[in-house]
Each structure stands twice: as C-alpha cells, then as structure tokens.
$ cat query.pdb   # PDB, C-alpha atoms
ATOM      1  CA  VAL A 854       0.000   0.000   0.000
ATOM      2  CA  ASP A 855       1.370   3.384  -1.054
ATOM      3  CA  GLU A 856       1.260   5.783   1.914
ATOM      4  CA  SER A 857       0.923   8.854  -0.324
ATOM      5  CA  GLU A 858      -2.143   7.319  -1.998
ATOM      6  CA  LEU A 859      -3.545   6.442   1.416
ATOM      7  CA  LYS A 860      -3.169  10.063   2.519
ATOM      8  CA  LYS A 861      -5.011  11.238  -0.593
ATOM      9  CA  ALA A 862      -7.825   8.757   0.023
ATOM     10  CA  MET A 863      -8.582  10.210   3.455
ATOM     11  CA  ARG A 864     -11.688  12.418   3.867
ATOM     12  CA  ARG A 865     -13.133  14.522   6.646
ATOM     13  CA  ASP A 866     -15.799  11.876   7.256
ATOM     14  CA  THR A 867     -13.333   8.965   7.332
ATOM     15  CA  ILE A 868     -13.581   7.244  10.717
ATOM     16  CA  LEU A 869     -11.735   3.965  10.091
ATOM     17  CA  VAL A 870      -8.815   2.694   8.023
ATOM     18  CA  SER A 871      -8.250  -1.060   7.852
ATOM     19  CA  VAL A 872      -5.187  -2.597   6.180
ATOM     20  CA  GLN A 873      -4.228  -6.258   6.154
ATOM     21  CA  TYR A 874      -0.892  -6.715   7.922
ATOM     22  CA  ALA A 875       0.207  -9.754   5.915
ATOM     23  CA  ASN A 876      -1.498 -11.369   2.953
ATOM     24  CA  PRO A 877      -1.849 -15.152   3.324
ATOM     25  CA  GLU A 878      -1.962 -15.773  -0.422
ATOM     26  CA  ILE A 879       1.109 -13.975  -1.813
ATOM     27  CA  GLY A 880       2.828 -13.331   1.527
ATOM     28  CA  THR A 881       3.100  -9.534   1.308
ATOM     29  CA  ILE A 882       3.857  -7.836   4.641
ATOM     30  CA  GLN A 883       2.724  -4.210   4.829
ATOM     31  CA  ASP A 884       4.656  -1.495   6.667
ATOM     32  CA  ILE A 885       1.781  -0.848   9.076
ATOM     33  CA  LYS A 886       3.764   1.547  11.275
ATOM     34  CA  LYS A 887       4.438   3.807   8.289
ATOM     35  CA  LEU A 888       0.812   3.628   7.139
ATOM     36  CA  VAL A 889      -0.443   4.534  10.623
ATOM     37  CA  SER A 890       1.801   7.607  10.542
ATOM     38  CA  ALA A 891       0.495   8.523   7.081
ATOM     39  CA  VAL A 892      -3.105   8.433   8.331
ATOM     40  CA  LYS A 893      -2.345  10.458  11.448
ATOM     41  CA  GLU A 894      -0.429  13.055   9.411
ATOM     42  CA  SER A 895      -2.980  13.376   6.609
ATOM     43  CA  ASP A 896      -4.367  16.896   6.184
ATOM     44  CA  ASN A 897      -7.515  15.440   4.624
ATOM     45  CA  ALA A 898      -8.552  13.403   7.670
ATOM     46  CA  GLY A 899     -10.956  14.461  10.382
ATOM     47  CA  LYS A 900     -10.206  14.788  14.090
ATOM     48  CA  PHE A 901      -9.913  11.070  14.864
ATOM     49  CA  VAL A 902      -9.482   8.128  12.520
ATOM     50  CA  ALA A 903      -9.127   4.648  13.991
ATOM     51  CA  PHE A 904      -6.531   2.412  12.336
ATOM     52  CA  HIS A 905      -7.263  -1.315  12.341
ATOM     53  CA  THR A 906      -5.082  -4.067  10.957
ATOM     54  CA  ASP A 907      -6.041  -7.655  10.170
ATOM     55  CA  ALA A 908      -3.007  -9.450  11.583
ATOM     56  CA  VAL A 909      -4.390 -12.982  11.398
ATOM     57  CA  SER A 910      -1.619 -14.188   9.068
ATOM     58  CA  ALA A 911       1.065 -12.214  10.909
ATOM     59  CA  CYS A 912       0.553 -12.933  14.616
ATOM     60  CA  GLY A 913       2.376 -16.092  15.618
ATOM     61  CA  THR A 914       4.322 -16.027  12.343
ATOM     62  CA  ILE A 915       6.327 -12.806  12.658
ATOM     63  CA  PRO A 916       6.889 -10.568  15.712
ATOM     64  CA  VAL A 917       3.998  -8.128  16.222
ATOM     65  CA  ASP A 918       3.964  -5.268  18.766
ATOM     66  CA  VAL A 919       0.782  -3.163  18.891
ATOM     67  CA  LYS A 920       2.497  -0.319  20.768
ATOM     68  CA  ASP A 921       5.298  -0.080  18.217
ATOM     69  CA  LEU A 922       2.831  -0.220  15.313
ATOM     70  CA  GLY A 923       0.622   2.452  16.843
ATOM     71  CA  VAL A 924      -2.616   0.756  15.746
ATOM     72  CA  ASP A 925      -5.950   1.353  17.458
ATOM     73  CA  ALA A 926      -7.293  -2.136  16.768
ATOM     74  CA  LEU A 927      -5.835  -5.470  15.659
ATOM     75  CA  THR A 928      -7.392  -8.845  14.994
ATOM     76  CA  PHE A 929      -5.579 -12.177  15.257
ATOM     77  CA  SER A 930      -6.446 -15.854  15.293
ATOM     78  CA  ALA A 931      -5.425 -19.049  17.067
ATOM     79  CA  SER A 932      -5.292 -21.331  14.026
ATOM     80  CA  VAL A 933      -2.279 -19.638  12.392
ATOM     81  CA  MET A 934      -0.212 -20.201  15.534
ATOM     82  CA  TYR A 935      -1.241 -23.869  15.775
ATOM     83  CA  GLY A 936      -4.058 -23.208  18.267
ATOM     84  CA  PRO A 937      -7.735 -24.270  18.151
ATOM     85  CA  LYS A 938      -9.609 -23.286  14.994
ATOM     86  CA  GLY A 939     -12.540 -20.933  15.443
ATOM     87  CA  SER A 940     -10.925 -18.891  18.213
ATOM     88  CA  ALA A 941      -9.831 -15.317  17.560
ATOM     89  CA  ALA A 942      -9.241 -12.049  19.388
ATOM     90  CA  LEU A 943      -9.603  -8.315  18.902
ATOM     91  CA  TYR A 944      -7.075  -5.961  20.481
ATOM     92  CA  LEU A 945      -8.402  -2.473  21.224
ATOM     93  CA  LYS A 946      -6.185   0.400  22.279
ATOM     94  CA  LYS A 947      -7.262   1.957  25.563
ATOM     95  CA  GLY A 948      -9.898   4.602  24.900
ATOM     96  CA  VAL A 949     -11.113   3.108  21.603
ATOM     97  CA  ARG A 950     -14.845   2.377  21.772
ATOM     98  CA  ILE A 951     -16.785   0.081  19.470
ATOM     99  CA  SER A 952     -20.460  -0.668  18.984
ATOM    100  CA  PRO A 953     -21.458  -4.341  19.303
ATOM    101  CA  GLN A 954     -22.801  -6.121  16.240
ATOM    102  CA  ILE A 955     -24.307  -8.906  18.360
ATOM    103  CA  GLU A 956     -26.374  -7.647  21.288
ATOM    104  CA  GLY A 957     -28.167  -9.404  24.103
ATOM    105  CA  GLY A 958     -25.714 -10.700  26.680
ATOM    106  CA  ILE A 959     -22.998  -9.109  28.815
ATOM    107  CA  GLN A 960     -20.175 -11.290  27.511
ATOM    108  CA  GLU A 961     -16.914  -9.675  26.351
ATOM    109  CA  ASN A 962     -17.755  -6.541  28.364
ATOM    110  CA  TYR A 963     -20.969  -6.086  26.355
ATOM    111  CA  ARG A 964     -18.973  -6.045  23.078
ATOM    112  CA  ARG A 965     -20.110  -9.450  21.807
ATOM    113  CA  SER A 966     -22.904 -11.458  23.371
ATOM    114  CA  GLY A 967     -22.979 -15.241  23.348
ATOM    115  CA  THR A 968     -21.458 -17.993  25.443
ATOM    116  CA  GLU A 969     -17.685 -18.044  25.150
ATOM    117  CA  ASN A 970     -15.907 -21.149  23.894
ATOM    118  CA  LEU A 971     -13.759 -21.573  26.995
ATOM    119  CA  PRO A 972     -11.644 -24.575  25.856
ATOM    120  CA  ALA A 973     -10.765 -22.767  22.615
ATOM    121  CA  ILE A 974      -9.900 -19.575  24.503
ATOM    122  CA  VAL A 975      -7.619 -21.444  26.910
ATOM    123  CA  GLY A 976      -6.002 -23.241  23.972
ATOM    124  CA  PHE A 977      -5.567 -19.901  22.197
ATOM    125  CA  GLY A 978      -3.807 -18.468  25.251
ATOM    126  CA  LYS A 979      -1.435 -21.430  25.407
ATOM    127  CA  ALA A 980      -0.736 -21.146  21.680
ATOM    128  CA  CYS A 981       0.195 -17.480  22.207
ATOM    129  CA  GLU A 982       2.616 -18.416  24.990
ATOM    130  CA  ILE A 983       4.338 -21.021  22.829
ATOM    131  CA  ALA A 984       4.432 -18.741  19.788
ATOM    132  CA  LYS A 985       6.048 -15.945  21.794
ATOM    133  CA  ASP A 986       8.866 -18.286  22.862
ATOM    134  CA  GLU A 987       9.383 -19.904  19.432
ATOM    135  CA  ILE A 988       8.546 -17.215  16.893
ATOM    136  CA  VAL A 989      12.088 -16.118  16.020
ATOM    137  CA  LYS A 990      13.478 -19.667  15.869
ATOM    138  CA  ASN A 991      10.544 -20.994  13.853
ATOM    139  CA  GLY A 992      10.611 -18.025  11.500
ATOM    140  CA  LYS A 993      14.241 -18.594  10.561
ATOM    141  CA  ALA A 994      13.738 -22.347  10.059
ATOM    142  CA  VAL A 995      10.594 -21.955   7.934
ATOM    143  CA  GLN A 996      12.093 -19.132   5.872
ATOM    144  CA  LYS A 997      15.060 -21.348   5.020
ATOM    145  CA  LEU A 998      12.677 -23.947   3.572
ATOM    146  CA  ARG A 999      10.695 -21.252   1.769
ATOM    147  CA  ASP A1000      13.798 -19.800   0.153
ATOM    148  CA  ARG A1001      14.830 -23.238  -1.108
ATOM    149  CA  LEU A1002      11.520 -23.735  -2.905
ATOM    150  CA  ILE A1003      11.529 -20.211  -4.342
ATOM    151  CA  ALA A1004      15.099 -20.572  -5.568
ATOM    152  CA  GLU A1005      15.013 -24.188  -6.787
ATOM    153  CA  LEU A1006      11.638 -24.605  -8.501
ATOM    154  CA  PRO A1007      12.410 -22.102 -11.329
ATOM    155  CA  LYS A1008      15.636 -24.024 -12.003
ATOM    156  CA  ARG A1009      13.659 -27.227 -12.527
ATOM    157  CA  ILE A1010      10.512 -25.849 -14.202
ATOM    158  CA  GLU A1011      10.451 -23.415 -17.110
ATOM    159  CA  HIS A1012       7.865 -20.625 -17.400
ATOM    160  CA  ILE A1013       7.168 -20.426 -13.665
ATOM    161  CA  TYR A1014       6.783 -17.047 -11.938
ATOM    162  CA  LEU A1015       6.897 -15.999  -8.318
ATOM    163  CA  ASN A1016       3.799 -14.097  -7.194
ATOM    164  CA  GLY A1017       4.644 -11.319  -4.779
ATOM    165  CA  ALA A1018       8.073 -10.145  -3.706
ATOM    166  CA  TRP A1019      11.129 -11.830  -2.195
ATOM    167  CA  GLU A1020      11.371  -9.169   0.505
ATOM    168  CA  ASN A1021       8.669  -8.309   3.052
ATOM    169  CA  ARG A1022       7.174 -11.759   2.641
ATOM    170  CA  LEU A1023       5.776 -14.168   5.222
ATOM    171  CA  PRO A1024       8.449 -16.740   6.132
ATOM    172  CA  GLY A1025       6.346 -19.734   5.082
ATOM    173  CA  ASN A1026       4.687 -18.368   1.949
ATOM    174  CA  VAL A1027       5.491 -19.780  -1.511
ATOM    175  CA  ASN A1028       3.185 -18.780  -4.382
ATOM    176  CA  PHE A1029       3.968 -19.453  -8.038
ATOM    177  CA  SER A1030       2.074 -19.123 -11.294
ATOM    178  CA  ILE A1031       2.902 -21.875 -13.766
ATOM    179  CA  GLU A1032       2.182 -21.285 -17.439
ATOM    180  CA  PHE A1033       0.392 -23.875 -19.579
ATOM    181  CA  VAL A1034      -0.921 -25.773 -16.531
ATOM    182  CA  GLU A1035      -4.470 -25.924 -15.139
ATOM    183  CA  GLY A1036      -4.615 -25.516 -11.366
ATOM    184  CA  GLU A1037      -7.216 -28.128 -10.407
ATOM    185  CA  ALA A1038      -5.429 -30.905 -12.292
ATOM    186  CA  LEU A1039      -2.175 -29.824 -10.679
ATOM    187  CA  PHE A1040      -3.620 -30.178  -7.170
ATOM    188  CA  LEU A1041      -5.152 -33.576  -7.893
ATOM    189  CA  LEU A1042      -1.826 -34.994  -9.042
ATOM    190  CA  LEU A1043       0.039 -33.381  -6.143
ATOM    191  CA  ASP A1044      -2.505 -34.827  -3.717
ATOM    192  CA  ALA A1045      -1.949 -38.275  -5.205
ATOM    193  CA  LYS A1046       1.716 -37.865  -4.287
ATOM    194  CA  GLY A1047       0.874 -36.786  -0.741
ATOM    195  CA  ILE A1048       1.759 -33.125  -1.333
ATOM    196  CA  MET A1049      -0.711 -30.657   0.161
ATOM    197  CA  ALA A1050      -1.090 -27.287  -1.578
ATOM    198  CA  SER A1051      -3.825 -24.815  -2.475
ATOM    199  CA  SER A1052      -4.761 -22.299  -5.136
ATOM    200  CA  GLY A1053      -5.216 -19.420  -2.698
ATOM    201  CA  SER A1054      -6.316 -18.478   0.797
ATOM    202  CA  ALA A1055      -8.641 -20.688   2.848
ATOM    203  CA  CYS A1056     -11.305 -17.959   2.589
ATOM    204  CA  ALA A1057     -11.752 -18.719  -1.125
ATOM    205  CA  SER A1058     -11.025 -22.448  -1.153
ATOM    206  CA  LYS A1059     -14.372 -23.315  -2.819
ATOM    207  CA  ASN A1060     -14.125 -20.606  -5.467
ATOM    208  CA  LEU A1061     -12.919 -21.715  -8.906
ATOM    209  CA  LYS A1062     -12.543 -18.151 -10.199
ATOM    210  CA  LEU A1063      -9.175 -16.432 -10.425
ATOM    211  CA  SER A1064      -8.196 -15.204  -6.974
ATOM    212  CA  HIS A1065      -9.082 -11.550  -6.417
ATOM    213  CA  ILE A1066      -5.558 -11.095  -5.013
ATOM    214  CA  LEU A1067      -3.907 -12.281  -8.226
ATOM    215  CA  ASN A1068      -6.392 -10.284 -10.248
ATOM    216  CA  ALA A1069      -5.541  -7.146  -8.256
ATOM    217  CA  ILE A1070      -1.816  -7.453  -9.001
ATOM    218  CA  GLY A1071      -2.527  -7.803 -12.719
ATOM    219  CA  ILE A1072      -1.909 -11.463 -13.483
ATOM    220  CA  ASP A1073      -3.412 -12.717 -16.729
ATOM    221  CA  VAL A1074      -6.311 -15.090 -16.059
ATOM    222  CA  ALA A1075      -4.834 -17.921 -18.137
ATOM    223  CA  VAL A1076      -1.581 -17.779 -16.174
ATOM    224  CA  GLY A1077      -3.242 -17.182 -12.802
ATOM    225  CA  GLN A1078      -5.338 -20.337 -13.133
ATOM    226  CA  GLY A1079      -2.068 -22.252 -12.874
ATOM    227  CA  SER A1080      -1.142 -20.664  -9.539
ATOM    228  CA  ILE A1081      -0.173 -22.719  -6.526
ATOM    229  CA  LEU A1082       0.327 -21.831  -2.869
ATOM    230  CA  PHE A1083       2.499 -23.711  -0.404
ATOM    231  CA  THR A1084       2.092 -22.573   3.206
ATOM    232  CA  LEU A1085       5.016 -23.983   5.188
ATOM    233  CA  SER A1086       5.034 -24.490   8.949
ATOM    234  CA  LYS A1087       7.411 -25.396  11.762
ATOM    235  CA  PHE A1088       6.481 -29.042  11.208
ATOM    236  CA  ASN A1089       7.852 -29.176   7.641
ATOM    237  CA  THR A1090      11.278 -30.694   7.012
ATOM    238  CA  GLU A1091      14.165 -30.536   4.533
ATOM    239  CA  GLU A1092      13.222 -34.048   3.394
ATOM    240  CA  GLU A1093       9.727 -32.881   2.471
ATOM    241  CA  ILE A1094      11.135 -29.975   0.473
ATOM    242  CA  ASN A1095      13.419 -32.417  -1.369
ATOM    243  CA  TYR A1096      10.380 -34.559  -2.148
ATOM    244  CA  VAL A1097       8.446 -31.605  -3.580
ATOM    245  CA  LEU A1098      11.426 -30.555  -5.700
ATOM    246  CA  GLU A1099      11.652 -34.106  -7.058
ATOM    247  CA  GLU A1100       7.960 -34.739  -7.778
ATOM    248  CA  PHE A1101       6.597 -31.331  -8.724
ATOM    249  CA  PRO A1102       8.517 -30.890 -12.017
ATOM    250  CA  ASN A1103       7.378 -34.328 -13.212
ATOM    251  CA  ILE A1104       3.732 -33.428 -12.573
ATOM    252  CA  VAL A1105       4.060 -30.131 -14.454
ATOM    253  CA  GLU A1106       5.707 -31.901 -17.390
ATOM    254  CA  ARG A1107       2.930 -34.506 -17.478
ATOM    255  CA  LEU A1108       0.226 -31.822 -17.590
ATOM    256  CA  ARG A1109       2.014 -29.756 -20.218
ATOM    257  CA  ASP A1110       2.223 -32.803 -22.469
ATOM    258  CA  MET A1111      -1.592 -32.640 -22.583
ATOM    259  CA  SER A1112      -1.857 -28.852 -22.906
ATOM    260  CA  PRO A1113      -2.936 -27.348 -26.267
ATOM    261  CA  LEU A1114      -1.635 -23.939 -25.099
ATOM    262  CA  TYR A1115       1.794 -25.396 -24.469
ATOM    263  CA  SER A1116       1.750 -27.162 -27.825
ATOM    264  CA  TYR A1117       0.846 -23.847 -29.487
ATOM    265  CA  PHE A1118       3.674 -22.102 -27.633
ATOM    266  CA  LEU A1119       6.226 -24.719 -28.731
ATOM    267  CA  LYS A1120       5.141 -24.305 -32.351
ATOM    268  CA  THR A1121       4.816 -20.514 -32.490
ATOM    269  CA  GLY A1122       6.709 -19.073 -29.527
ATOM    270  CA  SER A1123       3.609 -17.025 -28.655
ATOM    271  CA  ARG A1124       2.150 -16.832 -25.164
ATOM    272  CA  LYS A1125      -0.128 -14.793 -22.987
ATOM    273  CA  VAL A1126       1.559 -12.130 -20.887
ATOM    274  CA  ALA A1127       1.853 -13.164 -17.250
ATOM    275  CA  GLY A1128       1.230  -9.664 -15.900
ATOM    276  CA  PRO A1129       2.971  -7.094 -13.692
ATOM    277  CA  GLY A1130       2.277  -8.869 -10.392
ATOM    278  CA  THR A1131       4.815 -11.619 -11.106
ATOM    279  CA  ASP A1132       8.518 -11.655 -11.870
ATOM    280  CA  PHE A1133       7.619 -12.394 -15.527
ATOM    281  CA  ASP A1134       9.612  -9.382 -16.754
ATOM    282  CA  ASP A1135      12.726 -10.672 -15.004
ATOM    283  CA  HIS A1136      12.503 -13.778 -17.168
ATOM    284  CA  HIS A1137      11.766 -11.937 -20.411
ATOM    285  CA  ASP A1138      13.847  -8.763 -20.497
ATOM    286  CA  ASP A1139      13.835  -8.762 -24.278
ATOM    287  CA  HIS A1140      10.002  -9.171 -24.356
ATOM    288  CA  CYS A1141      10.381 -11.324 -27.452
ATOM    289  CA  SER A1142       7.738 -13.658 -28.822
ATOM    290  CA  ILE A1143       4.995 -12.383 -26.532
ATOM    291  CA  GLU A1144       1.556 -11.669 -27.886
ATOM    292  CA  LYS A1145      -2.056 -12.008 -26.906
ATOM    293  CA  ILE A1146      -3.831 -15.180 -27.994
ATOM    294  CA  ASP A1147      -7.536 -14.874 -28.761
TER     295      ASP A1147
END
$ encode --input "query.pdb" --output "structure tokens"
Amino acid sequence: VDESELKKAMRRDTILVSVQYANPEIGTIQDIKKLVSAVKESDNAGKFVAFHTDAVSACGTIPVDVKDLGVDALTFSASVMYGPKGSAALYLKKGVRISPQIEGGIQENYRRSGTENLPAIVGFGKACEIAKDEIVKNGKAVQKLRDRLIAELPKRIEHIYLNGAWENRLPGNVNFSIEFVEGEALFLLLDAKGIMASSGSACASKNLKLSHILNAIGIDVAVGQGSILFTLSKFNTEEEINYVLEEFPNIVERLRDMSPLYSYFLKTGSRKVAGPGTDFDDHHDDHCSIEKID
C-alpha cells in the first residue's frame, strides 16, 4: 500500500482505516507503522481516525507489537499459531470504543454477546505463549525452507513465476504461477503424491474463479489459473522440500504434455503475458515472442 495514496484517500468523514498486515496468499507484509503515521499526518482526515489491521496471518508467524505499530485495533487468530480453529481475538487500544454487532448478553464486556468457547480460549492463550517463545526460531527455520523452494523450482521448471516479492514476505509463503498448466489438475496430481497445496487463501477455497488477489496485481487469467500456494510451517522438514522438488517438475511436465496452449507455444513461440504482479519481466527482459492469444 502506497502511503501517499492512502493520505489522498482520506476524507473529513473517514472514521476507520483497515489494512491487512500480511497477505496469506502472496505473503506480502505491509509497513503498518508507516501507514499509521500517514493516516495520522494526513491533512484530509478528520479529528480522529481509527486504524485497524487484520493481523491474522502475521501474529504467531512474525513478531507483532501493537504499541510499536501504533494501531488502534488489531485482529488475530489461534489457528495460524497452531491453536484451536474458530478462536480469535480483537485488540483495542485503551480509549477506543466500538459498537457491538451482536447484542443481548454481557459477555466480552458487552462487546459481543454469546457464550464463550472456553476450551478454545484457553487453547488460544497457550498457543500465544508457545508462539512468543518460538517465533524467532521458527521463522528462521521456515524461511530457510521457503527460500529453497523459491530458488530451486524455477531451475527445474520453465515458465514459472513468483507471485509477490522476495522481501517483506511471510516466512512460510510460496506462491507461483505456472504457465500452460491448469490448477485443479495440478492439485489432484500433487494430492496423489501426498503433497498438500492450495490455489489461494482458505477464505476462497471453494471458489474456482481467479483469486481476487492475483487479479488485483494484474496477473493474466490464463496464467493465474495455474497458480499454486504452499504454506510452510514449523512441522515441515528438509526431506519434504526435497520430495516436492523431485515430484513437482514431473507433474508439471505430465500436464504440459496434454496442454494445447503449451503445444501452441512450442510451435509458435507465442504466449499470454503473465502480468505485472509476477517476476515475468525478469525472465523476459527482451520481451520477445509475446503476444495475446484470442
């Protein structure tokens, strides 16, 4: 997010700004501290604008300090830090008031009525304790595995493009677009080999359309449909990465042997443009033999 554009977007009637801290699909980590400053310094804003960040993919994965960030509100979840699914929390800075969306009971200091899931809350608390102790160690270990996949897969598979950036990326996030391959077939064959992957975030797992994230960063639909996401954790091993590097290229080759688009490319050298959201341009500095296919 561009802080200058954020400043321009502010209005006198703006009361809330919400920016995702880290994107679970392409791994992008936003500079929330800088964006908070941009909002507070904007001449367009009114007297008080609350800044909220969705830190579900960040908390438990990378160090997060609400005081350092300067946010007014922050949401995070247990599942990302290996806690019970369905348990989440909202941090509110002292003095920030919210109106409840669910009324009736006095639970959560009148902020959200309904009986609390006590076992999940206790499990969430324990997960936070463990994450606090392990976060730096786990981050380094997972990032090492991530960097191996990002560096090695393009050496073994042609026409494969990293979605998102190397820097400011979640330590366990690996997202590639693979030309001339259809995503659903790719996942079926990977699953048959015992390799778990997805085409995007869990929020859109039932949606067969191109991810709105990939669409927003300008990836061509035909290329984006061949996108794959690996979300690595502290439980993954070097041996598993070796297995993926061994099996994945064979699966891609098998699918491309059946692809009419790939056959057309081999005959003509023409392809669809991958789009500005990938490192496509790094692979094709000369921009040769690239054209739109009707």
$ resolve_selection --input "query.pdb" --expression "the PyMOL selection byres ((chain A and resi 1037-1050) around 7)" --output "PyMOL selection string"
chain A and resi 1035-1036+1051+1081-1083+1104
$ resolve_selection --input "query.pdb" --expression "the PyMOL selection byres ((chain A and resi 949) around 12)" --output "list of chain:residue names"
A:Ile868, A:Leu869, A:Phe901, A:Val902, A:Ala903, A:Phe904, A:His905, A:Val924, A:Asp925, A:Ala926, A:Leu927, A:Leu943, A:Tyr944, A:Leu945, A:Lys946, A:Lys947, A:Gly948, A:Arg950, A:Ile951, A:Ser952
$ write_last_selection --input "query.pdb" --atoms "C-alpha atoms" --output "mmCIF file, keeping the file's coordinate frame"
data_model
loop_
_atom_site.group_PDB
_atom_site.id
_atom_site.type_symbol
_atom_site.label_atom_id
_atom_site.label_comp_id
_atom_site.auth_asym_id
_atom_site.auth_seq_id
_atom_site.Cartn_x
_atom_site.Cartn_y
_atom_site.Cartn_z
ATOM 1 C CA ILE A 868 -13.581 7.244 10.717
ATOM 2 C CA LEU A 869 -11.735 3.965 10.091
ATOM 3 C CA PHE A 901 -9.913 11.070 14.864
ATOM 4 C CA VAL A 902 -9.482 8.128 12.520
ATOM 5 C CA ALA A 903 -9.127 4.648 13.991
ATOM 6 C CA PHE A 904 -6.531 2.412 12.336
ATOM 7 C CA HIS A 905 -7.263 -1.315 12.341
ATOM 8 C CA VAL A 924 -2.616 0.756 15.746
ATOM 9 C CA ASP A 925 -5.950 1.353 17.458
ATOM 10 C CA ALA A 926 -7.293 -2.136 16.768
ATOM 11 C CA LEU A 927 -5.835 -5.470 15.659
ATOM 12 C CA LEU A 943 -9.603 -8.315 18.902
ATOM 13 C CA TYR A 944 -7.075 -5.961 20.481
ATOM 14 C CA LEU A 945 -8.402 -2.473 21.224
ATOM 15 C CA LYS A 946 -6.185 0.400 22.279
ATOM 16 C CA LYS A 947 -7.262 1.957 25.563
ATOM 17 C CA GLY A 948 -9.898 4.602 24.900
ATOM 18 C CA ARG A 950 -14.845 2.377 21.772
ATOM 19 C CA ILE A 951 -16.785 0.081 19.470
ATOM 20 C CA SER A 952 -20.460 -0.668 18.984
#
$ resolve_selection --input "query.pdb" --expression "the PyMOL selection byres ((chain A and resi 1013) around 9)" --output "PyMOL selection string"
chain A and resi 1006-1007+1010-1012+1014-1015+1029-1032+1133
$ closest_residue --input "query.pdb" --among "A:Ile1003, A:Ile915, A:Val892, A:Ala941" --to "Arg865 in chain A" --atoms "only C-alpha atoms"
A:Val892
$ residues_around --input "query.pdb" --residues "range 933-939 of chain A" --least-positions-apart "6" --cutoff "10 Å" --atoms "only C-alpha atoms" --output "PDB file with C-alpha atoms, in the frame of the given file"
ATOM      1  CA  VAL A 909      -4.390 -12.982  11.398  1.00  0.00           C
ATOM      2  CA  SER A 910      -1.619 -14.188   9.068  1.00  0.00           C
ATOM      3  CA  ALA A 911       1.065 -12.214  10.909  1.00  0.00           C
ATOM      4  CA  CYS A 912       0.553 -12.933  14.616  1.00  0.00           C
ATOM      5  CA  GLY A 913       2.376 -16.092  15.618  1.00  0.00           C
ATOM      6  CA  THR A 914       4.322 -16.027  12.343  1.00  0.00           C
ATOM      7  CA  ASN A 970     -15.907 -21.149  23.894  1.00  0.00           C
ATOM      8  CA  PRO A 972     -11.644 -24.575  25.856  1.00  0.00           C
ATOM      9  CA  ALA A 973     -10.765 -22.767  22.615  1.00  0.00           C
ATOM     10  CA  ILE A 974      -9.900 -19.575  24.503  1.00  0.00           C
ATOM     11  CA  VAL A 975      -7.619 -21.444  26.910  1.00  0.00           C
ATOM     12  CA  GLY A 976      -6.002 -23.241  23.972  1.00  0.00           C
ATOM     13  CA  PHE A 977      -5.567 -19.901  22.197  1.00  0.00           C
ATOM     14  CA  GLY A 978      -3.807 -18.468  25.251  1.00  0.00           C
ATOM     15  CA  LYS A 979      -1.435 -21.430  25.407  1.00  0.00           C
ATOM     16  CA  ALA A 980      -0.736 -21.146  21.680  1.00  0.00           C
ATOM     17  CA  CYS A 981       0.195 -17.480  22.207  1.00  0.00           C
ATOM     18  CA  ILE A 983       4.338 -21.021  22.829  1.00  0.00           C
ATOM     19  CA  ALA A 984       4.432 -18.741  19.788  1.00  0.00           C
ATOM     20  CA  LYS A 985       6.048 -15.945  21.794  1.00  0.00           C
ATOM     21  CA  ILE A 988       8.546 -17.215  16.893  1.00  0.00           C
ATOM     22  CA  SER A1086       5.034 -24.490   8.949  1.00  0.00           C
ATOM     23  CA  LYS A1087       7.411 -25.396  11.762  1.00  0.00           C
TER      24      LYS A1087
END
$ atom_distance --input "query.pdb" --atom1 "CA of Arg964 in chain A" --atom2 "CA of Asp866 in chain A"
24.1 Å
$ closest_residue --input "query.pdb" --among "A:Lys920, A:Arg999, A:Lys900, A:Arg1022" --to "Ala875 in chain A" --atoms "all atoms listed in the file"
A:Arg1022
